[in-house]
>>> print(open('entry-v9.tsv').read())   # TSV, C-alpha atoms and all ligand atoms
chain	number	residue	atom	x	y	z
D	239	MET	CA	68.97	-197.97	-47.23
D	240	LYS	CA	69.12	-201.07	-49.42
D	241	ARG	CA	70.98	-201.30	-52.72
D	242	ILE	CA	69.31	-203.63	-55.18
D	243	GLY	CA	70.68	-204.82	-58.51
D	244	ILE	CA	68.45	-205.85	-61.40
D	245	LEU	CA	69.47	-207.99	-64.35
D	246	THR	CA	67.66	-209.52	-67.32
D	247	THR	CA	69.06	-212.81	-68.62
D	248	GLY	CA	68.22	-215.24	-71.43
D	249	GLY	CA	66.11	-214.27	-74.45
D	250	ASP	CA	64.23	-210.99	-74.36
D	251	CYS	CA	60.44	-210.73	-74.34
D	252	SER	CA	57.80	-208.08	-73.85
D	253	GLY	CA	57.21	-206.98	-70.27
D	254	LEU	CA	60.85	-206.85	-69.13
D	255	ASN	CA	60.91	-203.06	-69.17
D	256	THR	CA	57.62	-202.91	-67.29
D	257	VAL	CA	59.08	-205.07	-64.52
D	258	ILE	CA	62.25	-202.98	-64.42
D	259	GLN	CA	60.26	-199.73	-64.21
D	260	ARG	CA	57.90	-201.05	-61.53
D	261	LEU	CA	60.81	-202.42	-59.50
D	262	TYR	CA	62.55	-199.08	-59.75
D	263	ARG	CA	59.45	-197.14	-58.73
D	264	GLY	CA	58.60	-199.39	-55.78
D	265	ALA	CA	62.22	-199.48	-54.61
D	266	THR	CA	62.71	-195.70	-54.72
D	267	LEU	CA	59.48	-195.18	-52.79
D	268	ARG	CA	61.08	-197.31	-50.08
D	269	GLY	CA	64.19	-195.13	-50.20
D	270	TRP	CA	66.33	-197.83	-51.84
D	271	ARG	CA	68.91	-197.38	-54.60
D	272	VAL	CA	68.52	-199.33	-57.82
D	273	ILE	CA	71.47	-200.46	-59.93
D	274	GLY	CA	70.85	-201.90	-63.39
D	275	ILE	CA	73.37	-204.58	-64.39
D	276	LEU	CA	73.93	-204.48	-68.16
D	277	ASP	CA	73.84	-207.56	-70.41
D	278	GLY	CA	72.90	-210.01	-67.66
D	279	THR	CA	75.81	-211.91	-66.19
D	280	ASP	CA	78.07	-210.59	-69.01
D	281	GLY	CA	77.99	-207.19	-67.32
D	282	LEU	CA	79.26	-208.74	-64.10
D	283	CYS	CA	82.17	-210.41	-65.88
D	284	GLU	CA	83.89	-207.13	-66.55
D	285	THR	CA	86.09	-205.07	-64.27
D	286	PRO	CA	84.57	-202.77	-63.22
D	287	PRO	CA	81.14	-204.35	-63.70
D	288	ARG	CA	79.00	-202.64	-66.33
D	289	VAL	CA	76.08	-201.03	-64.53
D	290	ILE	CA	73.81	-198.00	-64.69
D	291	GLU	CA	72.02	-196.26	-61.88
D	292	PHE	CA	68.40	-195.51	-62.75
D	293	ASN	CA	66.61	-192.23	-62.24
D	294	ASN	CA	63.28	-190.81	-63.50
D	295	GLU	CA	64.96	-189.52	-66.67
D	296	THR	CA	66.55	-192.85	-67.63
D	297	LEU	CA	63.39	-194.81	-66.93
D	298	PRO	CA	60.38	-192.82	-68.14
D	299	ILE	CA	57.01	-194.40	-67.46
D	300	GLU	CA	55.86	-194.08	-71.10
D	301	CYS	CA	58.71	-196.31	-72.26
D	302	ALA	CA	57.92	-199.11	-69.82
D	303	ARG	CA	55.55	-200.76	-72.31
D	304	LEU	CA	58.31	-201.26	-74.91
D	305	ALA	CA	59.60	-204.74	-75.66
D	306	GLY	CA	63.26	-205.70	-75.25
D	307	SER	CA	65.24	-204.83	-72.14
D	308	PHE	CA	66.72	-201.45	-71.26
D	309	LEU	CA	69.38	-203.52	-69.52
D	310	HIS	CA	70.05	-205.74	-72.56
D	311	ASN	CA	70.11	-209.53	-72.39
D	312	GLY	CA	73.71	-210.22	-73.36
D	313	ARG	CA	75.50	-211.18	-76.56
D	314	ALA	CA	75.46	-214.71	-77.96
D	315	GLY	CA	78.80	-216.36	-77.24
D	316	ALA	CA	79.77	-214.02	-74.37
D	317	LEU	CA	81.00	-215.59	-71.13
D	318	ASN	CA	77.94	-216.83	-69.27
D	319	PHE	CA	77.06	-219.95	-67.29
D	320	GLU	CA	76.56	-222.04	-70.44
D	321	THR	CA	79.69	-220.97	-72.28
D	322	ALA	CA	81.76	-221.10	-69.07
D	323	ALA	CA	80.59	-224.68	-68.42
D	324	GLU	CA	81.25	-225.70	-72.01
D	325	THR	CA	84.77	-224.28	-71.99
D	326	GLY	CA	85.73	-225.43	-68.48
D	327	ARG	CA	85.90	-221.89	-67.09
D	328	LEU	CA	83.13	-222.19	-64.50
D	329	SER	CA	85.34	-221.59	-61.50
D	330	HIS	CA	86.82	-218.42	-63.04
D	331	PHE	CA	83.31	-217.28	-63.97
D	332	HIS	CA	82.05	-217.88	-60.40
D	333	LYS	CA	84.89	-215.87	-58.89
D	334	GLN	CA	84.34	-213.00	-61.29
D	335	LEU	CA	80.60	-212.81	-60.61
D	336	ARG	CA	81.08	-212.98	-56.85
D	337	LYS	CA	83.77	-210.29	-56.96
D	338	SER	CA	81.54	-207.96	-58.99
D	339	LEU	CA	78.51	-208.45	-56.73
D	340	LEU	CA	80.61	-207.64	-53.64
D	341	GLU	CA	82.18	-204.65	-55.37
D	342	LEU	CA	78.72	-203.28	-56.15
D	343	LYS	CA	77.84	-203.62	-52.43
D	344	LEU	CA	74.41	-205.00	-53.28
D	345	ASP	CA	71.98	-206.19	-50.63
D	346	ALA	CA	69.71	-207.95	-53.10
D	347	VAL	CA	69.72	-209.11	-56.71
D	348	VAL	CA	66.53	-209.37	-58.75
D	349	LEU	CA	67.14	-211.73	-61.63
D	350	ILE	CA	64.49	-211.66	-64.36
D	351	GLY	CA	65.04	-214.83	-66.32
D	352	GLY	CA	63.72	-217.97	-67.96
D	353	ASN	CA	63.92	-221.63	-67.07
D	354	GLY	CA	67.61	-221.99	-67.87
D	355	SER	CA	68.71	-218.84	-66.03
D	356	LEU	CA	66.72	-219.71	-62.91
D	357	SER	CA	68.07	-223.27	-62.82
D	358	LEU	CA	71.61	-221.99	-63.24
D	359	ALA	CA	71.12	-219.39	-60.52
D	360	TRP	CA	70.01	-222.14	-58.13
D	361	CYS	CA	72.82	-224.52	-59.06
D	362	ASN	CA	75.41	-221.78	-58.63
D	363	ARG	CA	73.73	-220.18	-55.62
D	364	GLU	CA	76.90	-219.73	-53.56
D	365	ILE	CA	77.66	-216.78	-55.84
D	366	TYR	CA	74.78	-214.95	-54.17
D	367	SER	CA	75.47	-216.01	-50.59
D	368	GLY	CA	75.12	-213.14	-48.13
D	369	LEU	CA	72.86	-211.31	-50.60
D	370	GLN	CA	69.19	-211.87	-51.27
D	371	LEU	CA	68.43	-213.51	-54.61
D	372	ILE	CA	64.89	-212.95	-55.89
D	373	CYS	CA	63.95	-214.31	-59.32
D	374	ILE	CA	61.11	-213.20	-61.58
D	375	PRO	CA	60.02	-215.70	-64.28
D	376	LYS	CA	59.79	-214.42	-67.84
D	377	THR	CA	59.46	-216.38	-71.04
D	378	ILE	CA	57.29	-216.61	-74.13
D	379	ASP	CA	57.64	-220.40	-73.91
D	380	MET	CA	55.59	-220.77	-70.66
D	381	ASP	CA	57.77	-223.69	-69.62
D	382	ILE	CA	58.50	-222.69	-66.01
D	383	PRO	CA	57.08	-224.91	-63.28
D	384	LEU	CA	55.29	-223.70	-60.14
D	385	THR	CA	53.80	-220.61	-61.75
D	386	ASP	CA	50.64	-220.31	-63.83
D	387	LYS	CA	51.99	-217.27	-65.67
D	388	THR	CA	55.28	-215.95	-66.99
D	389	ILE	CA	56.02	-212.43	-68.16
D	390	GLY	CA	55.99	-212.08	-71.95
D	391	PHE	CA	53.75	-215.04	-72.75
D	392	ASN	CA	50.51	-213.11	-73.10
D	393	THR	CA	52.07	-210.55	-75.46
D	394	ALA	CA	53.65	-213.33	-77.53
D	395	VAL	CA	50.25	-215.02	-77.91
D	396	GLN	CA	48.82	-211.66	-78.99
D	397	GLN	CA	51.61	-211.09	-81.52
D	398	LEU	CA	51.15	-214.52	-83.00
D	399	THR	CA	47.40	-214.04	-83.11
D	400	SER	CA	47.73	-210.72	-84.98
D	401	PHE	CA	50.23	-212.26	-87.41
D	402	CYS	CA	47.91	-215.19	-88.17
D	403	ASP	CA	44.82	-212.94	-88.40
D	404	GLN	CA	46.51	-211.16	-91.29
D	405	LEU	CA	47.65	-214.36	-92.96
D	406	MET	CA	44.10	-215.65	-92.80
D	407	LEU	CA	42.97	-212.83	-95.14
D	408	THR	CA	45.46	-213.64	-97.86
D	409	ALA	CA	44.84	-217.36	-97.32
D	410	ARG	CA	41.15	-216.83	-98.02
D	411	SER	CA	41.80	-214.74	-101.13
D	412	HIS	CA	43.92	-217.48	-102.67
D	413	HIS	CA	42.05	-220.55	-101.39
D	414	ARG	CA	45.16	-221.88	-99.72
D	415	TRP	CA	46.68	-222.91	-96.41
D	416	PHE	CA	49.46	-221.43	-94.37
D	417	VAL	CA	51.77	-223.62	-92.32
D	418	THR	CA	52.98	-221.22	-89.64
D	419	GLN	CA	55.82	-222.07	-87.28
D	420	THR	CA	55.75	-220.75	-83.72
D	421	MET	CA	58.53	-220.46	-81.15
D	422	GLY	CA	58.28	-222.20	-77.78
D	423	ARG	CA	61.22	-224.63	-77.76
D	424	ASP	CA	59.93	-227.99	-76.47
D	425	CYS	CA	56.78	-226.48	-75.02
D	426	GLY	CA	53.56	-226.23	-77.03
D	427	GLN	CA	51.78	-223.61	-74.90
D	428	LEU	CA	52.40	-220.71	-77.28
D	429	ALA	CA	51.12	-222.59	-80.32
D	430	LEU	CA	48.18	-224.05	-78.41
D	431	ASN	CA	46.97	-220.72	-77.03
D	432	ALA	CA	47.42	-218.75	-80.25
D	433	GLY	CA	45.88	-221.62	-82.23
D	434	ILE	CA	42.72	-221.47	-80.13
D	435	ALA	CA	42.65	-217.68	-80.47
D	436	ILE	CA	42.79	-217.68	-84.28
D	437	GLY	CA	40.67	-220.76	-84.89
D	438	ALA	CA	43.52	-222.72	-86.49
D	439	THR	CA	42.60	-225.77	-88.54
D	440	ALA	CA	45.33	-227.78	-86.84
D	441	ILE	CA	47.80	-227.23	-84.00
D	442	LEU	CA	50.84	-229.48	-83.80
D	443	ILE	CA	52.78	-229.40	-80.53
D	444	PRO	CA	55.72	-231.45	-79.23
D	445	GLU	CA	53.74	-232.95	-76.35
D	446	ILE	CA	51.22	-234.73	-78.58
D	447	LYS	CA	51.94	-237.28	-81.30
D	448	PHE	CA	50.33	-236.53	-84.62
D	449	ASP	CA	49.73	-238.50	-87.76
D	450	VAL	CA	50.40	-236.80	-91.08
D	451	ASN	CA	47.71	-238.79	-92.89
D	452	SER	CA	45.10	-237.83	-90.28
D	453	LEU	CA	46.20	-234.21	-90.61
D	454	ILE	CA	45.83	-234.34	-94.40
D	455	GLU	CA	42.43	-235.98	-94.14
D	456	HIS	CA	41.34	-233.35	-91.59
D	457	ILE	CA	42.36	-230.50	-93.91
D	458	LYS	CA	40.67	-232.12	-96.91
D	459	ASN	CA	37.46	-232.55	-94.90
D	460	SER	CA	37.51	-228.95	-93.68
D	461	PRO	CA	34.41	-226.88	-94.48
D	462	ARG	CA	36.82	-224.21	-95.80
D	463	ASP	CA	39.52	-224.28	-98.47
D	464	TYR	CA	41.89	-222.03	-96.51
D	465	GLY	CA	43.20	-221.68	-92.99
D	466	ILE	CA	46.20	-222.00	-90.77
D	467	ILE	CA	48.14	-225.03	-89.57
D	468	LEU	CA	50.08	-223.88	-86.52
D	469	VAL	CA	53.25	-225.85	-85.97
D	470	SER	CA	55.34	-225.52	-82.81
D	471	GLU	CA	59.08	-225.38	-83.47
D	472	GLY	CA	59.65	-228.34	-81.13
D	473	ILE	CA	57.80	-230.97	-83.18
D	474	SER	CA	59.64	-233.60	-85.18
D	475	LEU	CA	58.66	-235.94	-87.96
D	476	ARG	CA	60.34	-239.33	-88.08
D	477	GLY	CA	62.71	-239.68	-91.02
D	478	HIS	CA	62.65	-235.96	-91.80
D	479	SER	CA	65.00	-233.12	-91.01
D	480	GLY	CA	64.80	-229.38	-91.45
D	481	ARG	CA	62.38	-226.84	-90.13
D	482	PRO	CA	59.12	-228.39	-88.91
D	483	ALA	CA	56.91	-226.04	-90.94
D	484	ASP	CA	58.83	-226.92	-94.11
D	485	MET	CA	58.45	-230.64	-93.39
D	486	ILE	CA	54.70	-230.35	-92.92
D	487	SER	CA	54.35	-228.06	-95.92
D	488	ARG	CA	56.10	-230.60	-98.19
D	489	LYS	CA	53.76	-233.34	-97.00
D	490	LEU	CA	50.70	-231.18	-97.72
D	491	THR	CA	52.00	-230.24	-101.16
D	492	ALA	CA	52.58	-233.92	-101.96
D	493	ALA	CA	48.95	-234.56	-100.96
D	494	GLY	CA	47.77	-231.86	-103.37
D	495	ILE	CA	47.02	-229.25	-100.69
D	496	GLU	CA	48.01	-225.78	-101.89
D	497	ASN	CA	49.99	-224.10	-99.11
D	498	ARG	CA	52.71	-221.66	-98.11
D	499	THR	CA	54.90	-221.44	-95.02
D	500	ALA	CA	55.15	-218.39	-92.77
D	501	TYR	CA	57.61	-217.69	-89.96
D	502	PRO	CA	56.80	-214.94	-87.48
D	503	GLU	CA	60.16	-215.61	-85.78
D	504	HIS	CA	61.34	-212.99	-83.28
D	505	THR	CA	58.34	-210.73	-83.87
D	506	GLN	CA	56.71	-213.01	-81.29
D	507	ARG	CA	58.99	-211.49	-78.67
D	508	VAL	CA	58.60	-207.81	-79.50
D	509	GLY	CA	54.96	-206.82	-79.21
D	510	ASP	CA	53.92	-203.71	-77.33
D	511	THR	CA	53.42	-205.20	-73.87
D	512	THR	CA	49.78	-206.15	-73.39
D	513	ALA	CA	47.82	-204.85	-70.42
D	514	ALA	CA	47.76	-208.39	-69.00
D	515	ASP	CA	51.56	-208.64	-69.12
D	516	ARG	CA	51.94	-205.17	-67.60
D	517	ILE	CA	49.65	-206.09	-64.72
D	518	LEU	CA	51.58	-209.32	-64.26
D	519	ALA	CA	54.84	-207.35	-64.30
D	520	ALA	CA	53.53	-204.97	-61.64
D	521	ARG	CA	52.35	-207.86	-59.45
D	522	MET	CA	55.62	-209.71	-59.72
D	523	ALA	CA	57.72	-206.58	-59.13
D	524	ASP	CA	55.66	-205.80	-56.03
D	525	CYS	CA	56.00	-209.38	-54.81
D	526	ALA	CA	59.80	-209.26	-55.35
D	527	LEU	CA	60.13	-206.01	-53.37
D	528	ARG	CA	58.05	-207.42	-50.52
D	529	ALA	CA	60.27	-210.51	-50.53
D	530	ILE	CA	63.33	-208.28	-50.16
D	531	GLU	CA	61.66	-206.46	-47.26
D	532	ASN	CA	60.88	-209.81	-45.63
D	533	ASN	CA	64.53	-210.88	-45.95
D	534	GLU	CA	63.67	-213.79	-48.25
D	535	THR	CA	66.28	-215.25	-50.53
D	536	TYR	CA	66.59	-217.95	-53.22
D	537	VAL	CA	62.94	-217.51	-54.18
D	538	MET	CA	60.97	-216.96	-57.37
D	539	THR	CA	57.81	-214.89	-57.69
D	540	ALA	CA	54.89	-216.96	-58.94
D	541	ILE	CA	51.18	-216.74	-59.69
D	542	ASN	CA	49.17	-219.68	-58.43
D	543	ASN	CA	45.38	-219.70	-58.14
D	544	CYS	CA	45.42	-215.97	-58.92
D	545	VAL	CA	47.68	-215.21	-55.93
D	546	CYS	CA	51.18	-213.79	-56.42
D	547	GLU	CA	53.60	-215.25	-53.86
D	548	THR	CA	57.16	-216.46	-53.71
D	549	VAL	CA	58.11	-220.11	-54.09
D	550	SER	CA	61.53	-221.48	-53.23
D	551	LEU	CA	64.07	-221.91	-56.01
D	552	ALA	CA	64.82	-225.37	-54.61
D	553	ASP	CA	61.19	-226.38	-55.18
D	554	PHE	CA	61.23	-224.83	-58.64
D	555	PHE	CA	64.34	-226.82	-59.50
D	556	ASN	CA	63.10	-230.10	-58.10
D	557	THR	CA	59.67	-230.00	-59.72
D	558	GLY	CA	58.70	-232.02	-62.75
D	559	ASP	CA	60.73	-234.33	-64.92
D	560	ILE	CA	64.28	-233.23	-65.19
D	561	ASN	CA	66.02	-233.25	-68.55
D	562	THR	CA	69.72	-232.70	-68.32
D	563	ASP	CA	71.81	-231.50	-71.19
D	564	PRO	CA	74.96	-233.69	-70.98
D	565	ASN	CA	77.08	-230.79	-72.25
D	566	ILE	CA	76.00	-228.41	-69.50
D	567	PRO	CA	75.64	-230.39	-66.26
D	568	ASP	CA	73.93	-227.58	-64.35
D	569	LEU	CA	71.38	-226.73	-67.00
D	570	LYS	CA	68.24	-228.59	-66.05
D	571	THR	CA	64.77	-227.84	-67.22
D	572	SER	CA	61.62	-228.93	-65.50
D	573	ASP	CA	58.88	-230.39	-67.58
D	574	ALA	CA	56.18	-227.76	-67.12
D	575	TYR	CA	54.74	-228.23	-70.56
D	576	VAL	CA	51.24	-228.89	-71.94
D	577	SER	CA	49.82	-231.64	-69.77
D	578	PRO	CA	47.48	-234.27	-71.30
D	579	ASP	CA	44.59	-232.91	-69.20
D	580	ASP	CA	45.05	-229.27	-70.24
D	581	PRO	CA	41.46	-228.08	-70.86
D	582	LEU	CA	42.52	-226.27	-74.04
D	583	LEU	CA	43.23	-229.63	-75.69
D	584	GLU	CA	39.65	-230.77	-75.28
D	585	ILE	CA	38.33	-227.39	-76.34
D	586	ALA	CA	40.45	-227.56	-79.49
D	587	THR	CA	39.06	-230.99	-80.32
D	588	ASN	CA	35.49	-229.85	-79.61
D	589	MET	CA	35.99	-226.90	-81.93
D	590	GLY	CA	37.10	-229.15	-84.79
D	591	ILE	CA	40.80	-228.33	-84.54
D	592	TYR	CA	43.17	-231.23	-85.29
D	593	ILE	CA	45.49	-231.40	-82.29
D	594	GLY	CA	47.09	-234.80	-82.88
D	595	GLU	CA	46.35	-238.30	-81.72
D	596	THR	CA	45.02	-237.49	-78.25
D	597	LYS	CA	43.05	-240.71	-77.76
W	601	LIG	O1	63.18	-219.21	-75.15
W	601	LIG	C1	62.69	-218.16	-75.91
W	601	LIG	C2	62.91	-218.37	-77.38
W	601	LIG	O2	62.32	-217.30	-78.07
W	601	LIG	C3	62.42	-219.71	-77.92
W	601	LIG	O3	61.04	-219.76	-78.09
W	601	LIG	C4	63.22	-219.80	-79.20
W	601	LIG	O4	63.43	-221.14	-79.58
W	601	LIG	C5	64.54	-219.19	-78.82
W	601	LIG	O5	64.29	-218.37	-77.69
W	601	LIG	C6	65.19	-218.38	-79.90
W	601	LIG	O6	66.44	-217.98	-79.45
W	601	LIG	P1	67.36	-216.93	-80.21
W	601	LIG	O7	66.95	-215.57	-79.76
W	601	LIG	O8	68.71	-217.28	-79.74
W	601	LIG	O9	67.16	-217.10	-81.69
>>> encode(input="entry-v9.tsv", output="structure tokens")
Amino acid sequence: MKRIGILTTGGDCSGLNTVIQRLYRGATLRGWRVIGILDGTDGLCETPPRVIEFNNETLPIECARLAGSFLHNGRAGALNFETAAETGRLSHFHKQLRKSLLELKLDAVVLIGGNGSLSLAWCNREIYSGLQLICIPKTIDMDIPLTDKTIGFNTAVQQLTSFCDQLMLTARSHHRWFVTQTMGRDCGQLALNAGIAIGATAILIPEIKFDVNSLIEHIKNSPRDYGIILVSEGISLRGHSGRPADMISRKLTAAGIENRTAYPEHTQRVGDTTAADRILAARMADCALRAIENNETYVMTAINNCVCETVSLADFFNTGDINTDPNIPDLKTSDAYVSPDDPLLEIATNMGIYIGETK
């Protein structure tokens, strides 16, 4: 009988609980025991490690659609890879994690995490030696290489779409524009996808340079006198500081365009998990369990060309352009962002959406 540990790390998103529930169900059907590690790596830093053992009562199927994580994602500022690296306590942190994993007598760890967590897991992989480490990619940012989908993204696009659909009604009533700021860090996928869904007037993303005067002209030439300018949080405007939506809003106001700003913030992460994200969660959980059965380790589940398979963490880490944060040597992110030939860019342009200076 195998003992598997599950942990959720990094920011929360919808779909985490679905993965946890599906992992639990598939594992128990195989006769395995499932241990939930609380608060990501924080839970492993304590003696004894903070864990729960799941059963049908603690993990009811009807709750699997809820956003957030039953296992929690950790407190800001707690000891984790980033804070340990910043404060020179990495070696102590390593020892503590290793000790806890051995104490829990786990055969496999399923880590559900984003770009940062997966990179850190790979860079600190000796912690998991002798165990199987299987990662499942989740993030609303869609910035993970080697997979076409990440858990939580579809629900985030839906949340943002619903938020903007409502704004559009008040925008129309008052003949004005809303500058709405999306999450996504340095990746424009969330803004791009939601922008197409709502029929935004403009979508500004970090990957594409834009020109404020062209944007203003585009809005002034619009067949409507209301609409939404979707601004990804990662954009910047030379010579300006502050929140991107505020910067753009000020420019529009100065050009005589009546507008307001709107910030959906963390509501983007907490939608009732969409059917698409639940199906993705089930596929990735199933893939992770099969990987454990096949004695795989240091792999990530991934969807490519509609097939769910594992890819090696080494390949994940080495793919794309690597940006290294000088403060955290191990934290590398691969550049899996909106590529210049993403078909949605051309569609946006063909639909009259200002997307920046693509030519
Ligand atoms: O990476 C997910 C994400 O939601 C980003 O889109 C956003 O910039 C960030 O996390 C917000 O982090 P926090 O929860 O710490 O405010």
>>> closest_residue(input="entry-v9.tsv", among="D:Leu428, D:Val272, D:Leu349, D:Leu358", to="Ala394 in chain D", atoms="all atoms listed in the file")
D:Leu428
>>> closest_residue(input="entry-v9.tsv", among="D:Ser411, D:Thr557, D:Thr587, D:Thr388", to="Ser357 in chain D", atoms="all atoms listed in the file")
D:Thr557
>>> residues_around(input="entry-v9.tsv", residues="Ala316 in chain D", least_positions_apart="4", cutoff="10 Å", atoms="all atoms listed in the file", output="PDB file with C-alpha atoms, in the frame of the given file")
ATOM      1  CA  ASP D 277      73.840-207.560 -70.410  1.00  0.00           C
ATOM      2  CA  THR D 279      75.810-211.910 -66.190  1.00  0.00           C
ATOM      3  CA  ASP D 280      78.070-210.590 -69.010  1.00  0.00           C
ATOM      4  CA  GLY D 281      77.990-207.190 -67.320  1.00  0.00           C
ATOM      5  CA  CYS D 283      82.170-210.410 -65.880  1.00  0.00           C
ATOM      6  CA  GLY D 312      73.710-210.220 -73.360  1.00  0.00           C
ATOM      7  CA  GLU D 320      76.560-222.040 -70.440  1.00  0.00           C
ATOM      8  CA  THR D 321      79.690-220.970 -72.280  1.00  0.00           C
ATOM      9  CA  ALA D 322      81.760-221.100 -69.070  1.00  0.00           C
TER      10      ALA D 322
END
>>> residues_near_ligand(input="entry-v9.tsv", ligand="ligand LIG 601 (chain W)", cutoff="8 Å", atoms="all atoms listed in the file", output="PyMOL selection string")
chain D and resi 248-251+314+352+377-379+420-423+471+504+506-507
>>> closest_residue(input="entry-v9.tsv", among="D:Ala305, D:Ala526, D:Val576, D:Ala440", to="His456 in chain D", atoms="all atoms listed in the file")
D:Ala440
>>> residues_around(input="entry-v9.tsv", residues="Ile541 in chain D", least_positions_apart="5", cutoff="9 Å", atoms="all atoms listed in the file", output="PyMOL selection string")
chain D and resi 384-388+518+521-522+546-548
>>> write_last_selection(input="entry-v9.tsv", atoms="C-alpha atoms", output="CSV table (one decimal), keeping the file's coordinate frame")
chain,number,residue,atom,x,y,z
D,384,LEU,CA,55.3,-223.7,-60.1
D,385,THR,CA,53.8,-220.6,-61.8
D,386,ASP,CA,50.6,-220.3,-63.8
D,387,LYS,CA,52.0,-217.3,-65.7
D,388,THR,CA,55.3,-216.0,-67.0
D,518,LEU,CA,51.6,-209.3,-64.3
D,521,ARG,CA,52.4,-207.9,-59.4
D,522,MET,CA,55.6,-209.7,-59.7
D,546,CYS,CA,51.2,-213.8,-56.4
D,547,GLU,CA,53.6,-215.2,-53.9
D,548,THR,CA,57.2,-216.5,-53.7
>>> atom_distance(input="entry-v9.tsv", atom1="CA of Tyr464 in chain D", atom2="CA of Ile593 in chain D")
17.4 Å
>>> atom_distance(input="entry-v9.tsv", atom1="CA of Asn532 in chain D", atom2="CA of Asp381 in chain D")
27.9 Å
>>> axis_aligned_box(input="entry-v9.tsv", around="range 297-311 of chain D", padding_each_side="3 Å", output="JSON")
{"center_x": 62.8, "center_y": -201.2, "center_z": -71.3, "size_x": 20.6, "size_y": 22.7, "size_z": 14.7}
>>> atom_distance(input="entry-v9.tsv", atom1="CA of Phe554 in chain D", atom2="CA of Lys343 in chain D")
27.6 Å
>>> closest_residue(input="entry-v9.tsv", among="D:Thr408, D:Gly477, D:Tyr575, D:Ile517", to="Asp424 in chain D", atoms="all atoms listed in the file")
D:Tyr575
>>> residues_around(input="entry-v9.tsv", residues="Leu430 in chain D", least_positions_apart="6", cutoff="10 Å", atoms="all atoms listed in the file", output="ChimeraX atom specification")
/D:395,420,438,440-443,468-470,576,582-583,586,593
>>> closest_residue(input="entry-v9.tsv", among="D:Gly437, D:Trp415, D:Ile530, D:Thr535", to="Ser487 in chain D", atoms="all atoms listed in the file")
D:Trp415
>>> residues_near_point(input="entry-v9.tsv", point="(50.8, -205.1, -68.7)", cutoff="12 Å", atoms="all atoms listed in the file", output="count of residues only")
33
>>> decode(input="entry-v9.tsv", residues="range 429-449 of chain D", atoms="C-alpha atoms", output="compact mmCIF listing (two decimals), in the first residue's frame")
# COMPACT_ATOMS: atom_id res chain seq x y z
CA ALA D 429 -6.40 39.63 -20.23
CA LEU D 430 -6.21 38.45 -23.83
CA ASN D 431 -8.68 35.59 -23.40
CA ALA D 432 -11.18 37.53 -21.29
CA GLY D 433 -10.84 40.52 -23.61
CA ILE D 434 -11.84 38.41 -26.61
CA ALA D 435 -14.72 36.92 -24.62
CA ILE D 436 -16.24 40.28 -23.67
CA GLY D 437 -15.50 42.15 -26.88
CA ALA D 438 -13.17 44.65 -25.20
CA THR D 439 -12.38 47.83 -27.08
CA ALA D 440 -8.69 47.45 -26.26
CA ILE D 441 -6.50 44.85 -24.56
CA LEU D 442 -3.11 45.91 -23.27
CA ILE D 443 -0.70 43.12 -22.35
CA PRO D 444 2.95 43.12 -21.27
CA GLU D 445 4.13 41.17 -24.33
CA ILE D 446 3.04 43.82 -26.84
CA LYS D 447 4.12 47.45 -26.97
CA PHE D 448 1.28 49.92 -27.17
CA ASP D 449 1.03 53.58 -28.00
